[in-house]
>>> print(open('upload_3.pdb').read())   # PDB, C-alpha atoms, pLDDT in the B column
MODEL        1
ATOM      1  CA  ASP A   1       0.000   0.000   0.000  1.00 77.00           C
ATOM      2  CA  LEU A   2       2.814   2.389   0.823  1.00 73.00           C
ATOM      3  CA  LEU A   3       4.634   1.767  -2.446  1.00 77.00           C
ATOM      4  CA  ALA A   4       1.446   1.979  -4.473  1.00 79.00           C
ATOM      5  CA  THR A   5       0.674   5.367  -2.938  1.00 76.00           C
ATOM      6  CA  VAL A   6       4.130   6.703  -3.788  1.00 77.00           C
ATOM      7  CA  VAL A   7       3.936   5.465  -7.382  1.00 77.00           C
ATOM      8  CA  ALA A   8       0.309   6.281  -8.162  1.00 79.00           C
ATOM      9  CA  GLU A   9       0.136   9.701  -6.473  1.00 79.00           C
ATOM     10  CA  HIS A  10       3.769  10.764  -7.010  1.00 78.00           C
ATOM     11  CA  ARG A  11       4.160  11.897  -3.437  1.00 79.00           C
ATOM     12  CA  ALA A  12       6.656  11.086  -0.739  1.00 84.00           C
ATOM     13  CA  VAL A  13       5.919   9.340   2.528  1.00 83.00           C
ATOM     14  CA  GLU A  14       7.959  10.527   5.503  1.00 84.00           C
ATOM     15  CA  ALA A  15       8.439   8.998   8.939  1.00 82.00           C
ATOM     16  CA  LEU A  16       5.699   6.381   8.785  1.00 85.00           C
ATOM     17  CA  GLU A  17       6.059   4.201  11.883  1.00 88.00           C
ATOM     18  CA  LEU A  18       5.153   0.534  11.728  1.00 87.00           C
ATOM     19  CA  GLU A  19       5.259  -2.101  14.446  1.00 89.00           C
ATOM     20  CA  ARG A  20       6.048  -5.639  13.417  1.00 85.00           C
ATOM     21  CA  GLU A  21       7.027  -8.915  15.010  1.00 87.00           C
ATOM     22  CA  VAL A  22      10.584  -9.714  13.913  1.00 85.00           C
ATOM     23  CA  PRO A  23      11.793 -13.328  14.281  1.00 89.00           C
ATOM     24  CA  GLY A  24      14.364 -13.557  17.032  1.00 87.00           C
ATOM     25  CA  ARG A  25      13.785  -9.962  18.192  1.00 85.00           C
ATOM     26  CA  GLY A  26      10.124  -9.706  19.076  1.00 87.00           C
ATOM     27  CA  ARG A  27       8.102  -6.525  18.615  1.00 89.00           C
ATOM     28  CA  CYS A  28      10.050  -3.864  16.694  1.00 91.00           C
ATOM     29  CA  VAL A  29       9.260  -0.316  15.638  1.00 91.00           C
ATOM     30  CA  MET A  30      10.342   0.691  12.147  1.00 90.00           C
ATOM     31  CA  ARG A  31      10.309   4.158  10.607  1.00 91.00           C
ATOM     32  CA  VAL A  32       9.741   4.043   6.857  1.00 88.00           C
ATOM     33  CA  ALA A  33      10.245   6.739   4.237  1.00 89.00           C
ATOM     34  CA  ALA A  34       9.749   6.412   0.492  1.00 88.00           C
ATOM     35  CA  ARG A  35       9.917   8.720  -2.525  1.00 86.00           C
ATOM     36  CA  GLU A  36      10.369   8.615  -6.300  1.00 84.00           C
ATOM     37  CA  MET A  37      13.704   9.605  -7.807  1.00 83.00           C
ATOM     38  CA  ALA A  38      14.598  10.333 -11.428  1.00 78.00           C
ATOM     39  CA  ILE A  39      17.991   8.913 -12.367  1.00 79.00           C
ATOM     40  CA  GLN A  40      19.068   9.261 -16.011  1.00 77.00           C
ATOM     41  CA  ALA A  41      15.448   9.712 -17.136  1.00 75.00           C
ATOM     42  CA  LYS A  42      14.411   6.605 -15.272  1.00 80.00           C
ATOM     43  CA  PHE A  43      12.055   6.776 -12.298  1.00 80.00           C
ATOM     44  CA  MET A  44      13.187   4.693  -9.370  1.00 83.00           C
ATOM     45  CA  MET A  45      12.007   4.175  -5.827  1.00 83.00           C
ATOM     46  CA  LEU A  46      14.117   5.227  -2.849  1.00 86.00           C
ATOM     47  CA  MET A  47      13.147   3.626   0.443  1.00 87.00           C
ATOM     48  CA  GLU A  48      14.603   4.029   3.901  1.00 90.00           C
ATOM     49  CA  ILE A  49      13.769   1.706   6.788  1.00 90.00           C
ATOM     50  CA  THR A  50      15.175   2.625  10.199  1.00 91.00           C
ATOM     51  CA  ASP A  51      14.896   0.493  13.301  1.00 91.00           C
ATOM     52  CA  ILE A  52      13.858   2.907  16.073  1.00 91.00           C
ATOM     53  CA  THR A  53      12.855   0.263  18.634  1.00 91.00           C
ATOM     54  CA  ALA A  54      15.601   1.248  21.094  1.00 91.00           C
ATOM     55  CA  ALA A  55      14.870   4.962  20.707  1.00 90.00           C
ATOM     56  CA  ARG A  56      11.149   4.482  21.361  1.00 89.00           C
ATOM     57  CA  ALA A  57      11.930   2.309  24.404  1.00 89.00           C
ATOM     58  CA  ALA A  58      14.267   5.015  25.725  1.00 91.00           C
ATOM     59  CA  GLU A  59      11.576   7.677  25.213  1.00 90.00           C
ATOM     60  CA  LEU A  60       9.080   5.545  27.125  1.00 89.00           C
ATOM     61  CA  ASP A  61      11.559   5.047  29.974  1.00 91.00           C
ATOM     62  CA  MET A  62      12.235   8.792  30.102  1.00 92.00           C
ATOM     63  CA  LYS A  63       8.510   9.566  30.171  1.00 91.00           C
ATOM     64  CA  GLU A  64       8.006   7.162  33.072  1.00 92.00           C
ATOM     65  CA  LEU A  65      10.961   8.703  34.947  1.00 91.00           C
ATOM     66  CA  VAL A  66       9.554  12.210  34.481  1.00 87.00           C
ATOM     67  CA  GLN A  67       6.130  11.092  35.717  1.00 88.00           C
ATOM     68  CA  ARG A  68       7.710   9.406  38.738  1.00 90.00           C
ATOM     69  CA  LYS A  69       9.758  12.536  39.514  1.00 85.00           C
ATOM     70  CA  GLU A  70       6.639  14.720  39.312  1.00 81.00           C
ATOM     71  CA  MET A  71       4.791  12.381  41.677  1.00 86.00           C
ATOM     72  CA  LEU A  72       7.680  12.452  44.163  1.00 85.00           C
ATOM     73  CA  LEU A  73       7.910  16.254  44.006  1.00 77.00           C
ATOM     74  CA  GLU A  74       4.177  16.585  44.566  1.00 79.00           C
ATOM     75  CA  GLU A  75       4.317  14.195  47.512  1.00 83.00           C
ATOM     76  CA  MET A  76       7.299  16.012  49.008  1.00 82.00           C
ATOM     77  CA  SER A  77       5.625  19.392  48.548  1.00 76.00           C
ATOM     78  CA  HIS A  78       2.461  18.092  50.197  1.00 78.00           C
ATOM     79  CA  ARG A  79       4.436  16.754  53.165  1.00 85.00           C
ATOM     80  CA  VAL A  80       6.347  20.036  53.539  1.00 82.00           C
ATOM     81  CA  ALA A  81       3.075  21.983  53.540  1.00 79.00           C
ATOM     82  CA  ASN A  82       1.577  19.709  56.205  1.00 83.00           C
ATOM     83  CA  SER A  83       4.727  19.919  58.328  1.00 86.00           C
ATOM     84  CA  LEU A  84       4.742  23.717  58.167  1.00 84.00           C
ATOM     85  CA  MET A  85       1.110  23.894  59.290  1.00 82.00           C
ATOM     86  CA  ILE A  86       1.810  21.494  62.181  1.00 87.00           C
ATOM     87  CA  ILE A  87       4.773  23.644  63.285  1.00 88.00           C
ATOM     88  CA  ALA A  88       2.654  26.795  63.026  1.00 83.00           C
ATOM     89  CA  SER A  89      -0.085  25.222  65.154  1.00 85.00           C
ATOM     90  CA  ILE A  90       2.388  24.124  67.827  1.00 88.00           C
ATOM     91  CA  LEU A  91       3.920  27.614  67.972  1.00 87.00           C
ATOM     92  CA  LEU A  92       0.483  29.188  68.343  1.00 83.00           C
ATOM     93  CA  LEU A  93      -0.470  26.807  71.145  1.00 86.00           C
ATOM     94  CA  ARG A  94       2.796  27.523  72.942  1.00 87.00           C
ATOM     95  CA  ALA A  95       2.226  31.276  72.528  1.00 86.00           C
ATOM     96  CA  GLN A  96      -1.184  31.020  74.179  1.00 85.00           C
ATOM     97  CA  THR A  97       0.361  29.436  77.280  1.00 86.00           C
ATOM     98  CA  ALA A  98       3.578  31.483  77.325  1.00 86.00           C
ATOM     99  CA  PRO A  99       4.764  32.523  80.817  1.00 87.00           C
ATOM    100  CA  ASN A 100       5.396  36.173  79.844  1.00 88.00           C
ATOM    101  CA  ASP A 101       4.738  38.702  77.087  1.00 86.00           C
ATOM    102  CA  GLU A 102       8.243  38.534  75.642  1.00 87.00           C
ATOM    103  CA  VAL A 103       8.087  34.772  75.112  1.00 88.00           C
ATOM    104  CA  ARG A 104       4.545  35.031  73.772  1.00 85.00           C
ATOM    105  CA  GLN A 105       5.583  37.738  71.286  1.00 83.00           C
ATOM    106  CA  SER A 106       8.550  35.667  70.095  1.00 86.00           C
ATOM    107  CA  LEU A 107       6.376  32.604  69.571  1.00 87.00           C
ATOM    108  CA  GLU A 108       3.748  34.629  67.724  1.00 81.00           C
ATOM    109  CA  ASP A 109       6.436  36.106  65.483  1.00 80.00           C
ATOM    110  CA  ALA A 110       7.754  32.623  64.733  1.00 84.00           C
ATOM    111  CA  HIS A 111       4.200  31.465  64.002  1.00 82.00           C
ATOM    112  CA  GLN A 112       3.690  34.293  61.495  1.00 77.00           C
ATOM    113  CA  ARG A 113       6.989  33.525  59.787  1.00 77.00           C
ATOM    114  CA  VAL A 114       6.115  29.863  59.373  1.00 83.00           C
ATOM    115  CA  ILE A 115       2.693  30.784  57.980  1.00 78.00           C
ATOM    116  CA  ALA A 116       4.383  33.152  55.537  1.00 75.00           C
ATOM    117  CA  ILE A 117       6.809  30.453  54.434  1.00 77.00           C
ATOM    118  CA  ALA A 118       3.864  28.087  53.938  1.00 79.00           C
ATOM    119  CA  ALA A 119       2.136  30.691  51.756  1.00 74.00           C
ATOM    120  CA  VAL A 120       5.240  31.163  49.612  1.00 73.00           C
ATOM    121  CA  GLN A 121       5.776  27.400  49.389  1.00 73.00           C
ATOM    122  CA  LYS A 122       2.217  26.959  48.163  1.00 73.00           C
ATOM    123  CA  GLN A 123       2.835  29.492  45.411  1.00 69.00           C
ATOM    124  CA  LEU A 124       6.156  27.902  44.455  1.00 68.00           C
ATOM    125  CA  ARG A 125       4.392  24.626  43.733  1.00 67.00           C
ATOM    126  CA  THR A 126       2.503  26.312  40.902  1.00 64.00           C
ATOM    127  CA  LEU A 127       5.590  28.121  39.582  1.00 64.00           C
ATOM    128  CA  VAL A 128       7.405  24.864  38.865  1.00 61.00           C
ATOM    129  CA  GLU A 129       4.898  24.065  36.141  1.00 61.00           C
ATOM    130  CA  THR A 130       5.416  27.226  34.074  1.00 68.00           C
ATOM    131  CA  ASP A 131       8.207  29.353  32.592  1.00 74.00           C
ATOM    132  CA  GLU A 132       6.386  32.705  32.655  1.00 82.00           C
ATOM    133  CA  VAL A 133       4.360  33.953  35.622  1.00 83.00           C
ATOM    134  CA  ALA A 134       1.717  36.694  35.567  1.00 87.00           C
ATOM    135  CA  LEU A 135       2.465  38.839  38.612  1.00 88.00           C
ATOM    136  CA  GLU A 136      -1.067  40.083  39.327  1.00 90.00           C
ATOM    137  CA  PRO A 137      -2.757  36.745  40.157  1.00 87.00           C
ATOM    138  CA  TYR A 138       0.434  35.373  41.702  1.00 86.00           C
ATOM    139  CA  LEU A 139       0.938  38.244  44.173  1.00 89.00           C
ATOM    140  CA  SER A 140      -2.808  38.597  44.832  1.00 89.00           C
ATOM    141  CA  GLU A 141      -3.074  34.989  45.966  1.00 85.00           C
ATOM    142  CA  LEU A 142       0.150  35.256  47.955  1.00 85.00           C
ATOM    143  CA  CYS A 143      -1.039  38.386  49.793  1.00 87.00           C
ATOM    144  CA  GLU A 144      -4.450  36.831  50.381  1.00 85.00           C
ATOM    145  CA  SER A 145      -2.768  33.933  52.175  1.00 80.00           C
ATOM    146  CA  LEU A 146      -0.612  36.303  54.234  1.00 80.00           C
ATOM    147  CA  ALA A 147      -3.611  38.442  55.201  1.00 82.00           C
ATOM    148  CA  ALA A 148      -5.609  35.402  56.254  1.00 78.00           C
ATOM    149  CA  SER A 149      -2.809  34.294  58.573  1.00 72.00           C
ATOM    150  CA  MET A 150      -1.851  37.673  60.039  1.00 73.00           C
ATOM    151  CA  ILE A 151      -4.917  39.938  60.143  1.00 76.00           C
ATOM    152  CA  ASP A 152      -7.187  39.366  63.117  1.00 71.00           C
ATOM    153  CA  ASP A 153     -10.849  38.768  62.279  1.00 70.00           C
ATOM    154  CA  ARG A 154     -11.822  41.575  64.674  1.00 69.00           C
ATOM    155  CA  SER A 155      -9.691  44.239  62.962  1.00 76.00           C
ATOM    156  CA  ASN A 156     -10.554  46.381  59.959  1.00 81.00           C
ATOM    157  CA  ILE A 157      -7.059  46.363  58.485  1.00 84.00           C
ATOM    158  CA  SER A 158      -7.180  45.637  54.754  1.00 86.00           C
ATOM    159  CA  LEU A 159      -4.455  44.463  52.404  1.00 88.00           C
ATOM    160  CA  HIS A 160      -4.883  45.662  48.804  1.00 90.00           C
ATOM    161  CA  VAL A 161      -2.854  44.460  45.829  1.00 92.00           C
ATOM    162  CA  ARG A 162      -2.350  46.631  42.750  1.00 92.00           C
ATOM    163  CA  VAL A 163      -0.076  45.056  40.143  1.00 91.00           C
ATOM    164  CA  GLY A 164       0.315  45.737  36.440  1.00 88.00           C
ATOM    165  CA  PRO A 165      -0.093  43.118  33.703  1.00 87.00           C
ATOM    166  CA  GLU A 166       3.609  42.226  33.659  1.00 88.00           C
ATOM    167  CA  THR A 167       4.888  38.674  33.448  1.00 89.00           C
ATOM    168  CA  VAL A 168       8.287  37.507  34.674  1.00 88.00           C
ATOM    169  CA  SER A 169      10.255  34.293  34.606  1.00 86.00           C
ATOM    170  CA  SER A 170       9.462  31.756  37.309  1.00 78.00           C
ATOM    171  CA  GLY A 171      12.919  32.324  38.816  1.00 78.00           C
ATOM    172  CA  HIS A 172      12.313  36.066  39.154  1.00 85.00           C
ATOM    173  CA  ALA A 173       8.803  35.427  40.463  1.00 83.00           C
ATOM    174  CA  VAL A 174      10.274  33.467  43.373  1.00 79.00           C
ATOM    175  CA  HIS A 175      12.455  36.424  44.395  1.00 84.00           C
ATOM    176  CA  VAL A 176       9.600  38.901  43.960  1.00 88.00           C
ATOM    177  CA  GLY A 177       7.353  36.685  46.092  1.00 84.00           C
ATOM    178  CA  LEU A 178       9.902  36.490  48.901  1.00 82.00           C
ATOM    179  CA  LEU A 179      10.438  40.265  48.869  1.00 88.00           C
ATOM    180  CA  VAL A 180       6.714  41.010  48.886  1.00 89.00           C
ATOM    181  CA  THR A 181       6.196  38.507  51.697  1.00 84.00           C
ATOM    182  CA  GLU A 182       8.818  40.238  53.846  1.00 85.00           C
ATOM    183  CA  LEU A 183       7.389  43.697  53.119  1.00 89.00           C
ATOM    184  CA  VAL A 184       3.803  42.652  53.837  1.00 88.00           C
ATOM    185  CA  ILE A 185       4.777  40.967  57.109  1.00 83.00           C
ATOM    186  CA  ASN A 186       6.664  44.081  58.248  1.00 85.00           C
ATOM    187  CA  ALA A 187       3.819  46.388  57.207  1.00 87.00           C
ATOM    188  CA  LEU A 188       1.172  44.373  59.043  1.00 82.00           C
ATOM    189  CA  LYS A 189       3.383  43.841  62.070  1.00 79.00           C
ATOM    190  CA  HIS A 190       4.867  47.315  62.513  1.00 82.00           C
ATOM    191  CA  GLY A 191       2.572  49.620  60.536  1.00 81.00           C
ATOM    192  CA  TYR A 192      -0.145  49.784  63.180  1.00 74.00           C
ATOM    193  CA  PRO A 193       1.384  50.134  66.647  1.00 66.00           C
ATOM    194  CA  ASP A 194      -0.495  50.370  69.917  1.00 65.00           C
ATOM    195  CA  GLY A 195      -3.126  47.850  68.865  1.00 64.00           C
ATOM    196  CA  ALA A 196      -4.583  49.858  65.978  1.00 67.00           C
ATOM    197  CA  THR A 197      -7.391  47.961  64.274  1.00 69.00           C
ATOM    198  CA  ASP A 198      -8.114  50.185  61.249  1.00 78.00           C
ATOM    199  CA  GLY A 199      -5.990  50.824  58.205  1.00 82.00           C
ATOM    200  CA  ASN A 200      -5.011  49.914  54.688  1.00 86.00           C
ATOM    201  CA  VAL A 201      -1.839  48.337  53.388  1.00 88.00           C
TER     202      VAL A 201
ENDMDL
END
>>> encode(input="upload_3.pdb", output="structure tokens")
Amino acid sequence: DLLATVVAEHRAVEALELEREVPGRGRCVMRVAAREMAIQAKFMMLMEITDITAARAAELDMKELVQRKEMLLEEMSHRVANSLMIIASILLLRAQTAPNDEVRQSLEDAHQRVIAIAAVQKQLRTLVETDEVALEPYLSELCESLAASMIDDRSNISLHVRVGPETVSSGHAVHVGLLVTELVINALKHGYPDGATDGNV
């Protein structure tokens, strides 16, 4: 059928893959190409048959390795997130039973830092899957997580995010996220002294 198509329709066939049982070798994958050629006014057929069994097997192995790596990374990321939340909960419990204000303040600060790291870590999980990151949704979600962990439900302090439509590489987005996290934590922690409950960041 392949040869008849080349001859009857005068068109080439490129990279047609066929699987066949080969005696002594088992299932093999062959890549076939065929075209007409004019040599001294005579039309002849040029065919190329390449055994790509090993290459296809290597591609399949690589695909399985990549899938396994992605599963392991997802599992590790999930475990890190759970561990961070457990640490944050323990710090908060210890802060509530602290013997004095200085110890309580230190434990609360540590709790906020761990929560912030958890928020950044959550964002980093999504950055791994892309080369370019839109800053507006990325920083909005990051700041939303920080606000939820640091702003008391009884206060009227609001955190607003205004970001342009820029996109950056995932590597730069990581650095931007860490900087914004530090700035937001400092603003919420030190921007409203003496127990102020109203304001905008």
>>> closest_residue(input="upload_3.pdb", among="A:Ser155, A:Ser83, A:Thr53, A:Gln67", to="Tyr192 of chain A", atoms="all atoms listed in the file")
A:Ser155
>>> residues_around(input="upload_3.pdb", residues="Ser106 of chain A", least_positions_apart="6", cutoff="12 Å", atoms="all atoms listed in the file", output="list in words")
Leu91, Leu92, Arg94, Ala95, Gln96, Ala98, Pro99, Asn100, Gln112 and Arg113 of chain A
>>> closest_residue(input="upload_3.pdb", among="A:Leu178, A:Val6, A:Ala173, A:Ala187", to="Ala118 of chain A", atoms="only C-alpha atoms")
A:Leu178
>>> closest_residue(input="upload_3.pdb", among="A:Arg20, A:Leu46, A:Glu14, A:Ile87", to="Ala33 of chain A", atoms="all atoms listed in the file")
A:Glu14
>>> atom_distance(input="upload_3.pdb", atom1="atom CA of Leu179 of chain A", atom2="atom CA of Gln105 of chain A")
23.1 Å
>>> residues_around(input="upload_3.pdb", residues="Glu21 of chain A", least_positions_apart="6", cutoff="12 Å", atoms="all atoms listed in the file", output="PyMOL selection string")
chain A and resi 27-30+53
>>> atom_distance(input="upload_3.pdb", atom1="atom CA of Ser170 of chain A", atom2="atom CA of Glu182 of chain A")
18.6 Å
>>> atom_distance(input="upload_3.pdb", atom1="atom CA of Gly26 of chain A", atom2="atom CA of Val13 of chain A")
25.6 Å
>>> residues_near_point(input="upload_3.pdb", point="(9.5, 10.5, 5.6)", cutoff="10 Å", atoms="only C-alpha atoms", output="CSV table (one decimal) with C-alpha atoms, in the frame of the given file")
chain,number,residue,atom,x,y,z
A,12,ALA,CA,6.7,11.1,-0.7
A,13,VAL,CA,5.9,9.3,2.5
A,14,GLU,CA,8.0,10.5,5.5
A,15,ALA,CA,8.4,9.0,8.9
A,16,LEU,CA,5.7,6.4,8.8
A,17,GLU,CA,6.1,4.2,11.9
A,31,ARG,CA,10.3,4.2,10.6
A,32,VAL,CA,9.7,4.0,6.9
A,33,ALA,CA,10.2,6.7,4.2
A,34,ALA,CA,9.7,6.4,0.5
A,35,ARG,CA,9.9,8.7,-2.5
A,47,MET,CA,13.1,3.6,0.4
A,48,GLU,CA,14.6,4.0,3.9
A,49,ILE,CA,13.8,1.7,6.8
>>> resolve_selection(input="upload_3.pdb", expression="the PyMOL selection byres ((chain A and resi 138) around 12)", output="PyMOL selection string")
chain A and resi 119-120+122-127+132-137+139-145+161-168+170+173-174+176-178+180-181
